[in-house]
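What follows is the content of entry-v2.cif, which has mmCIF, C-alpha atoms:
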data_run
loop_
_atom_site.label_atom_id
_atom_site.label_comp_id
_atom_site.auth_asym_id
_atom_site.auth_seq_id
_atom_site.Cartn_x
_atom_site.Cartn_y
_atom_site.Cartn_z
CA MET A 178 -3.92 -0.37 -40.88
CA VAL A 179 -5.84 -2.54 -38.42
CA HIS A 180 -8.08 -5.11 -40.02
CA PHE A 181 -10.95 -6.69 -38.11
CA THR A 182 -12.37 -10.07 -39.06
CA ALA A 183 -16.12 -10.58 -39.17
CA GLU A 184 -15.91 -12.49 -35.89
CA GLU A 185 -13.99 -9.67 -34.21
CA LYS A 186 -16.49 -7.08 -35.42
CA ALA A 187 -19.37 -9.21 -34.14
CA ALA A 188 -17.66 -9.66 -30.73
CA ILE A 189 -17.28 -5.90 -30.47
CA THR A 190 -20.66 -4.70 -31.74
CA SER A 191 -22.72 -7.28 -29.86
CA LEU A 192 -21.25 -6.19 -26.53
CA TRP A 193 -21.32 -2.50 -27.39
CA GLY A 194 -25.06 -2.73 -27.93
CA LYS A 195 -25.45 -3.62 -24.26
CA VAL A 196 -23.11 -0.95 -22.86
CA ASN A 197 -24.45 2.00 -20.90
CA VAL A 198 -22.14 4.60 -22.42
CA GLU A 199 -22.54 7.12 -19.62
CA GLU A 200 -21.84 4.59 -16.88
CA ALA A 201 -18.98 2.81 -18.63
CA GLY A 202 -17.34 6.09 -19.67
CA HIS A 203 -17.54 7.34 -16.10
CA GLU A 204 -16.03 4.09 -14.77
CA ALA A 205 -13.23 3.96 -17.30
CA LEU A 206 -12.15 7.58 -16.90
CA GLY A 207 -12.55 7.42 -13.12
CA ARG A 208 -10.39 4.30 -12.89
CA LEU A 209 -7.74 5.95 -15.12
CA LEU A 210 -7.52 8.86 -12.67
CA VAL A 211 -7.48 6.57 -9.60
CA VAL A 212 -5.10 3.86 -10.83
CA TYR A 213 -2.72 6.22 -12.68
CA PRO A 214 -2.97 9.44 -10.68
CA TRP A 215 -0.46 11.27 -12.87
CA THR A 216 -3.16 11.35 -15.57
CA GLN A 217 -4.92 13.93 -13.40
CA ARG A 218 -2.46 16.43 -14.85
CA PHE A 219 -4.85 17.02 -17.76
CA PHE A 220 -7.81 17.82 -15.54
CA ASP A 221 -6.86 20.74 -13.28
CA SER A 222 -10.23 22.33 -13.95
CA PHE A 223 -12.15 19.31 -12.66
CA GLY A 224 -12.09 20.32 -9.00
CA ASN A 225 -11.84 17.69 -6.28
CA LEU A 226 -9.80 14.64 -7.37
CA SER A 227 -8.21 14.12 -3.98
CA SER A 228 -9.37 10.54 -3.30
CA PRO A 229 -10.87 7.57 -5.17
CA SER A 230 -14.34 8.42 -3.86
CA ALA A 231 -13.91 12.11 -4.77
CA ILE A 232 -12.85 11.08 -8.28
CA MET A 233 -15.64 8.55 -8.80
CA GLY A 234 -18.21 11.02 -7.40
CA ASN A 235 -16.96 14.01 -9.40
CA PRO A 236 -19.66 15.18 -11.87
CA LYS A 237 -17.06 16.55 -14.33
CA VAL A 238 -15.38 13.14 -14.46
CA LYS A 239 -18.77 11.58 -15.18
CA ALA A 240 -19.58 14.09 -17.92
CA HIS A 241 -16.18 13.84 -19.55
CA GLY A 242 -16.23 10.04 -19.36
CA LYS A 243 -19.51 10.04 -21.25
CA LYS A 244 -18.07 12.39 -23.90
CA VAL A 245 -14.99 10.20 -24.40
CA LEU A 246 -16.93 6.98 -24.64
CA THR A 247 -19.52 8.45 -27.01
CA SER A 248 -16.62 9.26 -29.29
CA PHE A 249 -15.42 5.69 -28.89
CA GLY A 250 -18.82 4.61 -30.18
CA ASP A 251 -17.96 6.41 -33.40
CA ALA A 252 -14.85 4.23 -33.64
CA ILE A 253 -17.05 1.17 -33.57
CA LYS A 254 -19.04 2.49 -36.52
CA ASN A 255 -15.79 3.07 -38.43
CA MET A 256 -13.65 0.09 -37.54
CA ASP A 257 -12.35 -0.20 -41.10
CA ASN A 258 -11.01 3.32 -41.11
CA LEU A 259 -10.07 4.43 -37.65
CA LYS A 260 -7.29 6.76 -38.79
CA SER A 261 -9.56 8.98 -40.84
CA ALA A 262 -12.41 8.76 -38.31
CA PHE A 263 -10.09 10.12 -35.61
CA ALA A 264 -7.98 12.53 -37.70
CA LYS A 265 -9.51 15.69 -36.27
CA LEU A 266 -9.48 14.41 -32.69
CA SER A 267 -5.85 13.39 -33.16
CA GLU A 268 -4.92 16.94 -34.15
CA LEU A 269 -6.86 18.28 -31.18
CA HIS A 270 -5.11 15.96 -28.70
CA CYS A 271 -1.71 16.98 -30.08
CA ASP A 272 -2.07 20.69 -30.80
CA LYS A 273 -4.49 21.85 -28.15
CA LEU A 274 -4.63 19.23 -25.40
CA HIS A 275 -0.94 18.13 -25.50
CA VAL A 276 -1.75 14.59 -24.35
CA ASP A 277 1.06 12.00 -24.49
CA PRO A 278 -0.32 9.14 -26.63
CA GLU A 279 0.79 6.71 -23.93
CA ASN A 280 -2.36 7.84 -22.11
CA PHE A 281 -4.59 6.46 -24.88
CA LYS A 282 -3.21 2.99 -24.18
CA LEU A 283 -3.85 3.39 -20.46
CA LEU A 284 -7.45 4.51 -21.01
CA GLY A 285 -8.02 1.72 -23.53
CA ASN A 286 -6.97 -0.84 -20.92
CA MET A 287 -9.25 0.75 -18.33
CA LEU A 288 -12.14 0.36 -20.77
CA VAL A 289 -11.25 -3.32 -21.26
CA ILE A 290 -11.28 -3.82 -17.49
CA VAL A 291 -14.66 -2.07 -17.17
CA MET A 292 -16.05 -4.33 -19.92
CA ALA A 293 -14.68 -7.37 -18.06
CA SER A 294 -16.30 -6.33 -14.80
CA HIS A 295 -19.67 -5.69 -16.49
CA PHE A 296 -19.80 -8.76 -18.71
CA GLY A 297 -17.93 -11.39 -16.66
CA LYS A 298 -17.71 -14.76 -18.42
CA GLU A 299 -19.22 -13.30 -21.60
CA PHE A 300 -16.01 -11.25 -21.87
CA ASN A 301 -14.08 -14.42 -22.66
CA PRO A 302 -10.49 -14.50 -23.98
CA GLU A 303 -11.54 -14.30 -27.66
CA VAL A 304 -13.85 -11.37 -27.01
CA GLN A 305 -11.15 -9.63 -24.99
CA ALA A 306 -8.68 -10.10 -27.86
CA ALA A 307 -11.07 -8.33 -30.26
CA TRP A 308 -11.50 -5.46 -27.82
CA GLN A 309 -7.74 -5.19 -27.24
CA LYS A 310 -7.33 -4.86 -31.00
CA LEU A 311 -9.97 -2.12 -31.07
CA VAL A 312 -8.53 -0.07 -28.21
CA ALA A 313 -5.04 -0.43 -29.70
CA GLY A 314 -6.40 0.72 -33.09
CA VAL A 315 -8.07 3.73 -31.51
CA ALA A 316 -4.89 4.62 -29.62
CA ILE A 317 -2.85 4.43 -32.83
CA ALA A 318 -5.45 6.50 -34.74
CA LEU A 319 -5.48 9.18 -32.06
CA ALA A 320 -1.68 9.38 -32.16
CA HIS A 321 -1.50 9.32 -35.96
CA LYS A 322 -1.56 13.09 -36.56
CA TYR A 323 0.98 13.94 -33.88
CA HIS A 324 3.95 15.95 -34.99
CA MET B 168 6.09 3.23 -6.52
CA VAL B 169 5.87 2.06 -2.93
CA LEU B 170 3.04 -0.01 -1.48
CA SER B 171 1.24 1.91 1.25
CA PRO B 172 -0.25 0.16 4.30
CA GLY B 173 -3.65 0.61 2.62
CA ASP B 174 -2.35 -1.07 -0.56
CA LYS B 175 -0.95 -4.00 1.43
CA SER B 176 -4.22 -4.55 3.23
CA ASN B 177 -6.18 -4.30 -0.06
CA ILE B 178 -3.85 -6.81 -1.71
CA LYS B 179 -4.10 -9.34 1.13
CA ALA B 180 -7.88 -8.99 1.29
CA ALA B 181 -8.27 -9.43 -2.47
CA TRP B 182 -5.92 -12.43 -2.60
CA GLY B 183 -7.73 -13.97 0.35
CA LYS B 184 -11.02 -13.82 -1.57
CA ILE B 185 -9.41 -15.49 -4.59
CA GLY B 186 -8.27 -18.39 -2.40
CA GLY B 187 -8.08 -21.75 -4.14
CA GLN B 188 -9.08 -20.31 -7.50
CA ALA B 189 -5.67 -18.70 -7.97
CA PRO B 190 -4.20 -21.47 -10.19
CA GLN B 191 -7.26 -21.43 -12.43
CA TYR B 192 -7.10 -17.64 -12.71
CA GLY B 193 -3.38 -17.87 -13.50
CA ALA B 194 -4.16 -20.18 -16.41
CA GLU B 195 -6.98 -17.96 -17.61
CA ALA B 196 -4.76 -14.86 -17.47
CA LEU B 197 -2.14 -16.65 -19.59
CA GLU B 198 -4.74 -17.75 -22.12
CA ARG B 199 -6.07 -14.19 -22.34
CA MET B 200 -2.56 -12.86 -22.80
CA PHE B 201 -1.68 -15.35 -25.57
CA LEU B 202 -4.85 -14.46 -27.48
CA SER B 203 -4.77 -10.68 -27.00
CA PHE B 204 -1.01 -10.26 -27.38
CA PRO B 205 0.18 -12.99 -29.73
CA THR B 206 3.82 -11.87 -29.52
CA THR B 207 3.88 -13.27 -25.96
CA LYS B 208 3.58 -16.77 -27.42
CA THR B 209 7.15 -16.48 -28.70
CA TYR B 210 8.36 -17.41 -25.22
CA PHE B 211 6.40 -20.67 -25.31
CA PRO B 212 7.03 -22.26 -28.71
CA HIS B 213 6.83 -25.69 -27.12
CA PHE B 214 3.38 -25.13 -25.58
CA ASP B 215 0.08 -26.59 -26.64
CA MET B 216 -1.90 -23.35 -26.86
CA SER B 217 -5.36 -24.89 -27.15
CA HIS B 218 -8.00 -23.95 -24.57
CA GLY B 219 -7.58 -26.00 -21.40
CA SER B 220 -4.10 -27.21 -22.34
CA ALA B 221 -2.34 -29.02 -19.51
CA GLN B 222 0.78 -26.92 -20.04
CA ILE B 223 -1.16 -23.67 -19.67
CA GLN B 224 -2.90 -25.01 -16.55
CA ALA B 225 0.45 -26.01 -15.03
CA HIS B 226 2.11 -22.74 -15.90
CA GLY B 227 -0.85 -20.75 -14.62
CA LYS B 228 -0.47 -22.53 -11.28
CA LYS B 229 3.25 -21.66 -11.20
CA VAL B 230 2.45 -17.99 -11.78
CA ALA B 231 -0.33 -18.04 -9.16
CA ASP B 232 1.87 -19.75 -6.56
CA ALA B 233 4.60 -17.15 -7.10
CA LEU B 234 2.06 -14.36 -6.63
CA SER B 235 0.75 -16.01 -3.47
CA THR B 236 4.31 -16.09 -2.15
CA ALA B 237 4.63 -12.42 -3.02
CA VAL B 238 1.40 -11.56 -1.17
CA GLY B 239 2.84 -13.23 1.91
CA HIS B 240 6.01 -11.13 1.74
CA LEU B 241 4.86 -7.66 0.72
CA ASP B 242 7.45 -6.08 3.01
CA ASP B 243 10.30 -7.82 1.29
CA LEU B 244 9.53 -8.76 -2.28
CA PRO B 245 13.16 -8.70 -3.49
CA THR B 246 14.20 -11.38 -1.00
CA ALA B 247 11.07 -13.50 -1.41
CA LEU B 248 11.32 -13.43 -5.22
CA SER B 249 15.11 -13.55 -5.47
CA ALA B 250 15.31 -16.98 -7.12
CA LEU B 251 12.61 -16.09 -9.65
CA SER B 252 14.38 -12.84 -10.31
CA ASP B 253 17.61 -14.73 -11.11
CA LEU B 254 15.69 -17.13 -13.33
CA HIS B 255 14.07 -14.36 -15.37
CA ALA B 256 17.34 -12.43 -15.68
CA HIS B 257 19.69 -15.21 -16.65
CA LYS B 258 17.61 -17.95 -18.18
CA LEU B 259 14.18 -16.79 -19.32
CA ARG B 260 15.07 -13.21 -20.30
CA VAL B 261 11.47 -12.26 -21.00
CA ASP B 262 11.46 -8.72 -22.39
CA PRO B 263 10.33 -6.34 -19.63
CA ALA B 264 7.44 -5.01 -21.76
CA ASN B 265 5.67 -8.35 -21.41
CA PHE B 266 5.19 -8.14 -17.66
CA LYS B 267 2.68 -5.31 -18.18
CA LEU B 268 0.74 -7.49 -20.61
CA LEU B 269 0.40 -10.41 -18.20
CA SER B 270 -0.34 -8.04 -15.31
CA HIS B 271 -3.17 -6.47 -17.32
CA CYS B 272 -4.63 -9.88 -18.16
CA ILE B 273 -4.48 -10.91 -14.50
CA LEU B 274 -6.50 -7.79 -13.62
CA VAL B 275 -9.01 -8.51 -16.43
CA THR B 276 -9.43 -12.06 -15.08
CA LEU B 277 -10.08 -10.78 -11.58
CA ALA B 278 -12.50 -8.13 -12.86
CA CYS B 279 -14.45 -10.83 -14.71
CA HIS B 280 -14.75 -13.16 -11.75
CA HIS B 281 -15.03 -10.70 -8.85
CA PRO B 282 -16.65 -7.55 -10.27
CA GLY B 283 -18.19 -6.52 -6.97
CA ASP B 284 -14.88 -6.69 -5.12
CA PHE B 285 -12.83 -5.14 -7.90
CA THR B 286 -13.40 -1.55 -6.80
CA PRO B 287 -11.20 1.28 -8.16
CA GLU B 288 -9.21 1.27 -4.89
CA ILE B 289 -8.57 -2.49 -4.98
CA HIS B 290 -7.79 -2.25 -8.71
CA ALA B 291 -5.22 0.47 -8.02
CA SER B 292 -3.54 -1.51 -5.21
CA LEU B 293 -3.40 -4.70 -7.28
CA ASP B 294 -1.99 -2.81 -10.27
CA LYS B 295 0.74 -1.41 -8.02
CA PHE B 296 1.42 -4.86 -6.57
CA LEU B 297 1.83 -6.46 -9.99
CA ALA B 298 4.04 -3.56 -11.11
CA ASN B 299 6.24 -4.09 -8.05
CA VAL B 300 6.48 -7.84 -8.68
CA SER B 301 7.39 -7.10 -12.31
CA THR B 302 10.09 -4.65 -11.23
CA VAL B 303 11.61 -7.24 -8.89
CA LEU B 304 11.54 -9.93 -11.59
CA THR B 305 13.40 -7.67 -14.03
CA SER B 306 15.70 -6.09 -11.43
CA LYS B 307 18.75 -8.22 -12.25
CA TYR B 308 18.44 -7.98 -16.03
CA ARG B 309 21.44 -5.68 -16.35
#

Could you show the structure in this file as structure tokens?
Amino acid sequence: MVHFTAEEKAAITSLWGKVNVEEAGHEALGRLLVVYPWTQRFFDSFGNLSSPSAIMGNPKVKAHGKKVLTSFGDAIKNMDNLKSAFAKLSELHCDKLHVDPENFKLLGNMLVIVMASHFGKEFNPEVQAAWQKLVAGVAIALAHKYH
Amino acid sequence: MVLSPGDKSNIKAAWGKIGGQAPQYGAEALERMFLSFPTTKTYFPHFDMSHGSAQIQAHGKKVADALSTAVGHLDDLPTALSALSDLHAHKLRVDPANFKLLSHCILVTLACHHPGDFTPEIHASLDKFLANVSTVLTSKYR
């Protein structure tokens, strides 16, 4: 089980308080679909994903990005027990959505990059390390119920 | 995953903007990697890992210089990086998984310092570039 120190929790929650969830979710999901185009396989119903500008301008990408990142916010409230916080979502991603858990790592890294671009120097190496731990913990929790 | 003409032009433009900062960014990317992915430190047991360490600065410059060479030879990375490829295969033998970790930290560093230029398109091209460099560096492993 992932354990976060007080400093790590502070690094995470202080930045999270300043995040625009809708905007960051949109950016992170959009970049996932642009940088790793094979991830578009899960989003056939999203319409036009034919170019970076189509992807970044797609309203379904924006809406889904917000949904995903709102859920991420729940992780931050439950850092000491990510596995149980994400148990139901893990089952969903396995049984209904059939998402390879490798994708959780890719999205986690996109979120880290979005945080870096928004916060610049404030997203220093120590802060990044705390966030890497969080996104890795979420990825593991989301994969935990796979069978 | 081949670099398109668009990718090559994005990569050259982005690297041009980085200019003389490349060695400093190389060092920062290493520092980020050592902190976020502590297993990567196993390849540097002899390093002073403190912030600003001379060894990290020097190694960051080495990494940056190699990438600058790569940017200048996008049409023939295997030839341009042949010596480094031999080095990594026969002497350093860094596990291939680690190249993704350093590549990610390089992108994070660039996103921090050049957020306005680090558009999704540039991000994608740079990610492909670093993946290609990584492939070349591990190409002679077995």

### Message
I need the output of the PyMOL selection byres ((chain A) within 9 of (chain B)) for this file as a ChimeraX atom specification; which residues are they?
### Response
/A:204,207-208,211-213,229-230,233,286,289-303,305-310

### Message
Rounded to one decimal, what separation in Å do you get between atom CA of A:Ala320 and atom CA of A:Ser267?
### Response
5.9 Å

Which polymer residues, whether protein, DNA or RNA, lie within 8 Å of the coordinate (-21.1, 4.8, -21.6) when you count all atoms listed in the file? List them as a PDB file with C-alpha atoms, in the frame of the given file, using the chain letters and numbers from the file.
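Final output, part.pdb:
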ATOM      1  CA  VAL A 196     -23.110  -0.950 -22.860  1.00  0.00           C
ATOM      2  CA  ASN A 197     -24.450   2.000 -20.900  1.00  0.00           C
ATOM      3  CA  VAL A 198     -22.140   4.600 -22.420  1.00  0.00           C
ATOM      4  CA  GLU A 199     -22.540   7.120 -19.620  1.00  0.00           C
ATOM      5  CA  GLU A 200     -21.840   4.590 -16.880  1.00  0.00           C
ATOM      6  CA  ALA A 201     -18.980   2.810 -18.630  1.00  0.00           C
ATOM      7  CA  GLY A 202     -17.340   6.090 -19.670  1.00  0.00           C
ATOM      8  CA  HIS A 203     -17.540   7.340 -16.100  1.00  0.00           C
ATOM      9  CA  GLY A 242     -16.230  10.040 -19.360  1.00  0.00           C
ATOM     10  CA  LYS A 243     -19.510  10.040 -21.250  1.00  0.00           C
ATOM     11  CA  LEU A 246     -16.930   6.980 -24.640  1.00  0.00           C
ATOM     12  CA  THR A 247     -19.520   8.450 -27.010  1.00  0.00           C
TER      13      THR A 247
END

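Separating atom CA of A:Ile253 from atom CA of A:Ser191 is a distance of 10.8 Å.
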
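Residue nearest A:Thr216, chosen from A:Ser248, A:Leu288, A:Asp277, A:Glu184 and counting all atoms listed in the file: A:Asp277.
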
Step by step, gather every atom of stretch 255-261 of chain B that the file lists, find the box along x, y and z that holds them, add 8 Å on each side, and finally give centre and edge lengths in Å to one decimal, as JSON.
{"center_x": 15.6, "center_y": -15.1, "center_z": -18.2, "size_x": 24.2, "size_y": 21.7, "size_z": 21.6}

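Between atom CA of A:Leu266 and atom CA of B:Ser270 lies a distance of 29.8 Å.
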
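Proximity ranking of B:Ile273, B:Ala250, B:Val169, B:Ala231 relative to B:Gln188 places B:Ala231 first, based on all atoms listed in the file.
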
#### Entry: Ref. answer, residues at most 10 Å from (-8.9, -3.8, -44.2) with all atoms listed in the file, as a list in words
Met178, Val179, His180, Phe181, Thr182, Met256, Asp257 and Asn258 of chain A

Would you save the residues of that selection, restricted to C-alpha atoms, as a short mmCIF file (atom, residue, chain, number, x, y, z; two decimals), in the coordinates of the input?
data_model
loop_
_atom_site.label_atom_id
_atom_site.label_comp_id
_atom_site.auth_asym_id
_atom_site.auth_seq_id
_atom_site.Cartn_x
_atom_site.Cartn_y
_atom_site.Cartn_z
CA MET A 178 -3.92 -0.37 -40.88
CA VAL A 179 -5.84 -2.54 -38.42
CA HIS A 180 -8.08 -5.11 -40.02
CA PHE A 181 -10.95 -6.69 -38.11
CA THR A 182 -12.37 -10.07 -39.06
CA MET A 256 -13.65 0.09 -37.54
CA ASP A 257 -12.35 -0.20 -41.10
CA ASN A 258 -11.01 3.32 -41.11
#

Given the file above and the PyMOL selection byres ((chain B and resi 306) around 9), which residues are selected, and can you give them as a compact mmCIF listing (two decimals) with C-alpha atoms, in the coordinates of the input?
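Writing done, so here's part.txt:
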# COMPACT_ATOMS: atom_id res chain seq x y z
CA PRO B 245 13.16 -8.70 -3.49
CA SER B 252 14.38 -12.84 -10.31
CA ASP B 253 17.61 -14.73 -11.11
CA ALA B 256 17.34 -12.43 -15.68
CA SER B 301 7.39 -7.10 -12.31
CA THR B 302 10.09 -4.65 -11.23
CA VAL B 303 11.61 -7.24 -8.89
CA LEU B 304 11.54 -9.93 -11.59
CA THR B 305 13.40 -7.67 -14.03
CA LYS B 307 18.75 -8.22 -12.25
CA TYR B 308 18.44 -7.98 -16.03
CA ARG B 309 21.44 -5.68 -16.35
